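What follows is target-v7.tsv (TSV, C-alpha atoms).
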```
chain	number	residue	atom	x	y	z
A	1	MET	CA	-0.20	-23.43	-1.72
A	2	SER	CA	-2.43	-20.49	-0.84
A	3	ARG	CA	-1.27	-18.08	1.83
A	4	ALA	CA	-4.74	-16.55	1.72
A	5	ALA	CA	-6.20	-19.95	2.73
A	6	LEU	CA	-3.78	-20.03	5.64
A	7	LEU	CA	-5.00	-16.63	6.79
A	8	VAL	CA	-8.63	-17.76	6.58
A	9	LEU	CA	-7.92	-20.91	8.59
A	10	ALA	CA	-5.92	-19.08	11.27
A	11	ASP	CA	-8.39	-16.19	11.54
A	12	GLY	CA	-10.11	-16.11	14.92
A	13	ARG	CA	-13.36	-15.36	13.08
A	14	PHE	CA	-13.30	-18.71	11.28
A	15	PRO	CA	-16.43	-20.37	12.75
A	16	ALA	CA	-14.71	-23.30	14.45
A	17	GLY	CA	-16.02	-22.62	17.95
A	18	GLY	CA	-12.75	-21.65	19.62
A	19	HIS	CA	-14.14	-18.36	20.96
A	20	ALA	CA	-16.10	-20.29	23.61
A	21	HIS	CA	-12.98	-21.90	25.10
A	22	SER	CA	-10.19	-20.39	27.19
A	23	GLY	CA	-7.59	-23.15	26.86
A	24	GLY	CA	-7.29	-23.41	30.62
A	25	ALA	CA	-6.96	-19.68	31.15
A	26	GLU	CA	-10.22	-19.31	33.11
A	27	PRO	CA	-9.18	-21.61	35.99
A	28	ALA	CA	-5.68	-20.12	35.87
A	29	VAL	CA	-7.15	-16.66	36.35
A	30	ALA	CA	-9.41	-17.90	39.15
A	31	GLU	CA	-6.41	-19.39	40.96
A	32	GLY	CA	-4.34	-16.22	40.54
A	33	ARG	CA	-1.73	-17.84	38.32
A	34	VAL	CA	-2.64	-15.47	35.49
A	35	ARG	CA	-3.19	-11.91	36.66
A	36	ASP	CA	-1.40	-9.63	34.18
A	37	ALA	CA	0.48	-9.59	30.88
A	38	ASP	CA	3.66	-11.12	32.33
A	39	SER	CA	1.89	-14.07	33.92
A	40	LEU	CA	-0.16	-14.50	30.74
A	41	ALA	CA	3.10	-14.79	28.80
A	42	THR	CA	4.34	-17.45	31.22
A	43	PHE	CA	1.08	-19.38	30.91
A	44	CYS	CA	1.08	-19.21	27.11
A	45	ARG	CA	4.73	-20.23	26.88
A	46	GLY	CA	4.12	-23.30	29.00
A	47	ARG	CA	1.03	-24.21	27.01
A	48	LEU	CA	2.83	-23.71	23.70
A	49	HIS	CA	5.68	-26.08	24.54
A	50	THR	CA	3.40	-28.83	25.89
A	51	ALA	CA	-0.18	-29.02	24.59
A	52	GLY	CA	0.76	-26.75	21.69
A	53	LEU	CA	3.62	-28.92	20.49
A	54	THR	CA	1.50	-32.06	20.70
A	55	ALA	CA	-1.44	-30.46	18.87
A	56	ALA	CA	0.82	-28.97	16.20
A	57	ALA	CA	2.42	-32.34	15.49
A	58	LEU	CA	-0.96	-34.07	15.18
A	59	ALA	CA	-2.18	-31.36	12.81
A	60	ALA	CA	1.00	-31.54	10.74
A	61	ALA	CA	0.73	-35.32	10.52
A	62	ALA	CA	-2.87	-35.10	9.27
A	63	ALA	CA	-1.87	-32.48	6.69
A	64	HIS	CA	1.01	-34.75	5.66
A	65	GLY	CA	-1.49	-37.48	4.78
A	66	LEU	CA	-1.11	-39.89	7.69
A	67	ASP	CA	-4.15	-41.98	8.62
A	68	PRO	CA	-6.57	-39.61	10.45
A	69	LEU	CA	-8.18	-42.44	12.41
A	70	ALA	CA	-4.81	-43.60	13.69
A	71	LEU	CA	-4.00	-39.99	14.53
A	72	ASP	CA	-7.30	-39.64	16.38
A	73	GLU	CA	-6.34	-42.64	18.51
A	74	ALA	CA	-2.90	-41.10	19.06
A	75	ALA	CA	-4.59	-37.88	20.19
A	76	ASP	CA	-6.73	-39.84	22.66
A	77	ALA	CA	-3.60	-41.44	24.10
A	78	ARG	CA	-2.00	-38.02	24.50
A	79	THR	CA	-5.02	-36.50	26.29
A	80	PRO	CA	-5.36	-38.10	29.73
A	81	SER	CA	-8.09	-35.71	30.93
A	82	PRO	CA	-11.63	-36.87	30.01
A	83	ALA	CA	-12.77	-33.25	30.08
A	84	LEU	CA	-10.10	-32.23	27.56
A	85	ARG	CA	-10.86	-35.22	25.35
A	86	ALA	CA	-14.52	-34.20	25.28
A	87	THR	CA	-13.56	-30.60	24.51
A	88	ALA	CA	-11.21	-31.65	21.70
A	89	ARG	CA	-13.95	-33.69	20.07
A	90	LYS	CA	-16.54	-30.92	20.41
A	91	LEU	CA	-14.14	-28.48	18.80
A	92	GLY	CA	-13.29	-31.05	16.14
A	93	ARG	CA	-16.96	-31.49	15.30
A	94	GLN	CA	-17.47	-27.74	14.96
A	95	MET	CA	-14.33	-27.34	12.87
A	96	MET	CA	-15.45	-30.19	10.63
A	97	ARG	CA	-18.73	-28.38	9.93
A	98	ALA	CA	-16.88	-25.19	9.02
A	99	ALA	CA	-14.24	-27.02	6.99
A	100	ARG	CA	-16.68	-29.03	4.90
A	101	ALA	CA	-18.58	-25.87	4.05
A	102	THR	CA	-15.40	-23.98	3.18
A	103	TRP	CA	-13.10	-26.56	1.57
A	104	PRO	CA	-15.21	-29.64	0.72
A	105	SER	CA	-13.20	-32.85	0.28
A	106	SER	CA	-13.71	-36.59	0.26
A	107	GLU	CA	-11.17	-36.95	3.09
A	108	LEU	CA	-13.16	-34.65	5.36
A	109	ASP	CA	-16.37	-36.47	4.43
A	110	ALA	CA	-14.82	-39.84	5.23
A	111	LEU	CA	-13.59	-38.76	8.66
A	112	ALA	CA	-16.92	-37.12	9.48
A	113	ALA	CA	-18.73	-40.35	8.60
A	114	VAL	CA	-16.56	-42.47	10.88
A	115	ARG	CA	-16.42	-39.91	13.71
A	116	PRO	CA	-19.89	-38.30	13.72
A	117	ARG	CA	-19.39	-37.07	17.29
A	118	GLY	CA	-16.14	-35.41	16.29
A	119	ALA	CA	-12.51	-36.33	15.89
A	120	HIS	CA	-9.87	-34.50	17.91
A	121	GLN	CA	-9.63	-30.90	16.81
A	122	PRO	CA	-5.91	-30.93	15.81
A	123	VAL	CA	-6.54	-33.89	13.50
A	124	VAL	CA	-9.50	-32.15	11.88
A	125	LEU	CA	-7.45	-28.96	11.62
A	126	GLY	CA	-4.65	-30.79	9.81
A	127	LEU	CA	-7.05	-32.47	7.42
A	128	THR	CA	-8.71	-29.12	6.81
A	129	ALA	CA	-5.35	-27.59	5.97
A	130	ARG	CA	-4.70	-30.45	3.55
A	131	SER	CA	-8.10	-29.88	1.92
A	132	ALA	CA	-7.27	-26.18	1.57
A	133	GLY	CA	-4.03	-27.00	-0.25
A	134	LEU	CA	-1.80	-26.17	2.72
A	135	GLY	CA	1.18	-28.16	3.96
A	136	PRO	CA	2.23	-29.70	7.28
A	137	GLU	CA	4.16	-26.62	8.37
A	138	ASP	CA	1.10	-24.43	7.80
A	139	ALA	CA	-1.10	-26.80	9.81
A	140	ALA	CA	1.48	-26.86	12.60
A	141	HIS	CA	1.62	-23.07	12.72
A	142	CYS	CA	-2.19	-22.84	12.90
A	143	ALA	CA	-2.42	-25.38	15.72
A	144	ALA	CA	0.42	-23.83	17.70
A	145	TYR	CA	-0.99	-20.33	17.29
A	146	GLU	CA	-4.43	-21.45	18.47
A	147	THR	CA	-3.00	-22.82	21.70
A	148	VAL	CA	-1.79	-19.36	22.72
A	149	SER	CA	-4.18	-16.99	20.97
A	150	GLY	CA	-7.23	-18.57	22.62
A	151	PRO	CA	-5.99	-18.04	26.18
A	152	ALA	CA	-4.77	-14.53	25.34
A	153	THR	CA	-8.18	-13.54	23.99
A	154	ALA	CA	-9.92	-15.13	26.97
A	155	VAL	CA	-7.76	-13.27	29.48
A	156	VAL	CA	-8.67	-9.96	27.85
A	157	ARG	CA	-12.28	-10.76	28.74
A	158	LEU	CA	-11.60	-12.34	32.13
A	159	LEU	CA	-9.29	-9.62	33.50
A	160	SER	CA	-10.19	-6.68	31.26
A	161	LEU	CA	-6.54	-6.89	30.22
A	162	ASP	CA	-5.49	-4.25	27.72
A	163	PRO	CA	-5.80	-6.00	24.32
A	164	PHE	CA	-2.65	-4.19	23.17
A	165	HIS	CA	-0.73	-5.94	25.94
A	166	ALA	CA	-2.26	-9.30	25.05
A	167	SER	CA	-1.25	-8.83	21.41
A	168	ALA	CA	2.25	-7.91	22.51
A	169	VAL	CA	2.46	-11.19	24.44
A	170	LEU	CA	1.63	-13.13	21.27
A	171	ALA	CA	4.05	-11.10	19.18
A	172	ARG	CA	6.93	-11.77	21.58
A	173	LEU	CA	6.13	-15.49	21.48
A	174	ALA	CA	6.34	-15.58	17.68
A	175	PRO	CA	9.93	-16.90	17.44
A	176	GLU	CA	9.14	-19.72	19.86
A	177	LEU	CA	5.94	-20.47	17.99
A	178	ASP	CA	7.93	-20.81	14.77
A	179	ARG	CA	10.34	-23.25	16.41
A	180	VAL	CA	7.52	-25.34	17.87
A	181	ALA	CA	5.81	-25.53	14.48
A	182	GLU	CA	9.05	-26.57	12.77
A	183	GLN	CA	9.67	-29.24	15.40
A	184	ALA	CA	6.12	-30.53	15.02
A	185	ALA	CA	6.31	-30.69	11.22
A	186	GLU	CA	9.63	-32.55	11.37
A	187	ALA	CA	8.17	-35.12	13.77
A	188	ALA	CA	5.16	-35.59	11.48
A	189	ARG	CA	7.43	-36.50	8.60
A	190	GLN	CA	8.83	-39.37	10.69
A	191	GLY	CA	5.48	-41.06	11.31
A	192	ILE	CA	2.98	-41.46	14.13
A	193	ASP	CA	5.40	-43.16	16.52
A	194	ALA	CA	7.66	-40.10	16.38
A	195	LEU	CA	4.95	-37.60	17.33
A	196	PRO	CA	5.64	-35.78	20.61
A	197	ALA	CA	3.54	-36.45	23.69
A	198	ALA	CA	4.45	-33.42	25.77
A	199	SER	CA	2.26	-33.27	28.87
A	200	ALA	CA	0.89	-30.46	31.00
A	201	PRO	CA	-0.45	-32.11	34.18
A	202	LEU	CA	-1.69	-28.87	35.71
A	203	LEU	CA	-3.80	-28.15	32.62
A	204	ASP	CA	-5.28	-31.65	32.92
A	205	ILE	CA	-6.06	-31.23	36.62
A	206	THR	CA	-7.61	-27.78	36.28
A	207	ALA	CA	-9.63	-28.89	33.23
A	208	GLU	CA	-11.31	-31.56	35.34
A	209	ALA	CA	-12.07	-29.07	38.12
A	210	HIS	CA	-13.29	-26.43	35.66
A	211	ALA	CA	-15.69	-28.89	34.01
A	212	ALA	CA	-17.49	-29.23	37.36
A	213	TRP	CA	-17.93	-25.48	37.96
A	214	PRO	CA	-21.65	-24.62	38.20
A	215	VAL	CA	-21.05	-21.20	36.61
A	216	ARG	CA	-18.29	-20.36	34.13
A	217	LEU	CA	-17.71	-17.93	31.31
A	218	PHE	CA	-15.96	-20.39	29.00
A	219	ALA	CA	-16.75	-23.99	28.11
A	220	SER	CA	-13.16	-25.02	28.89
```
Before anything else, please render the file you have as structure tokens.
Amino acid sequence: MSRAALLVLADGRFPAGGHAHSGGAEPAVAEGRVRDADSLATFCRGRLHTAGLTAAALAAAAAHGLDPLALDEAADARTPSPALRATARKLGRQMMRAARATWPSSELDALAAVRPRGAHQPVVLGLTARSAGLGPEDAAHCAAYETVSGPATAVVRLLSLDPFHASAVLARLAPELDRVAEQAAEAARQGIDALPAASAPLLDITAEAHAAWPVRLFAS
């Protein structure tokens, strides 16, 4: 197992398209629910324990070797918002392009052939981790970290928040992120039926509203 590969995969500069998405932070800022570092921490914590846990478990399951097509269907069932389903598949398609160029594998090729419009991003992330020689826990950590690092980066741009404060938010969330990743990896070892389906209804609602905005800084 390569820790260097884990760093490459988790690096925000990995060309997987995440920089164009706010993870729901843009509508949260517009509604005044995120306005400073403290409210950003609250937003990220809620996202981590809902969408983050679900995504981390799907990624861990794919890295564990469970059927990616069955996992893609499980991801659909866990994503009630059409806007978020579309976003997940767009991000999955972009990650697949980056993954196949970086860690080519027959498993990635097979999924790309069956899902040319993109599989859900956490499933592609997990399969990418597997292709890079990483394990379920690594995939879970990457997925969980993405669910909070994306909004934190977006809020720096949206509010001109001090990036030092945004980084401090992520650092203070680290112990919770570890626990979420461990929980996700344990669920993945028990099979698809055991994967969590934690919901975040407000994220679903605001995602649908945000998709209809005529002008926006982020795609989601």
Residues within 8 Å of (-1.0, -26.3, 9.4), counting only C-alpha atoms, listed as a PyMOL selection string: chain A and resi 6+56+59-60+63+125-126+129+134-143
Residues within 6 Å of (9.8, -33.6, 14.6), file coords, all atoms listed in the file, listed as a PyMOL selection string: chain A and resi 183-188
Quick one: residues within 12 Å of Ala101 in chain A, all atoms listed in the file counted, chain neighbours fewer than 5 positions away excluded, as a CSV table (one decimal) with C-alpha atoms, keeping the file's coordinate frame?
```csv
chain,number,residue,atom,x,y,z
A,14,PHE,CA,-13.3,-18.7,11.3
A,15,PRO,CA,-16.4,-20.4,12.8
A,16,ALA,CA,-14.7,-23.3,14.4
A,94,GLN,CA,-17.5,-27.7,15.0
A,95,MET,CA,-14.3,-27.3,12.9
A,96,MET,CA,-15.4,-30.2,10.6
A,108,LEU,CA,-13.2,-34.6,5.4
A,109,ASP,CA,-16.4,-36.5,4.4
A,128,THR,CA,-8.7,-29.1,6.8
A,131,SER,CA,-8.1,-29.9,1.9
A,132,ALA,CA,-7.3,-26.2,1.6
```
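Each of A:Ser105, A:Ser199, A:Thr42, A:Ser81 was compared to Ala211 in chain A using all atoms listed in the file, and A:Ser81 turns out to be the nearest.
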Interatomic distance (Å, one decimal) between CA of Val148 in chain A and CA of Leu48 in chain A: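 Computed distance, CA of Val148 in chain A to CA of Leu48 in chain A, equals 6.4 Å.
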Please identify every residue of range 23-118 of chain A that has at least one atom no farther than 8 Å from an atom of range 154-158 of chain A, counting all atoms listed in the file, and for each give the shortest atom pair and the distance in Å to one decimal, arranged by chain then increasing number, as CSV.
```
residue,atom,partner,partner_atom,distance
A:Ala25,CA,A:Val155,CA,6.7
A:Glu26,CA,A:Leu158,CA,7.2
A:Val29,CA,A:Leu158,CA,7.5
A:Leu40,CA,A:Val155,CA,7.8
```
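The residue that comes closest to Thr147 in chain A, out of A:Leu170, A:Leu9, A:Leu202, A:Ala83 and on the basis of all atoms listed in the file, is A:Leu170.
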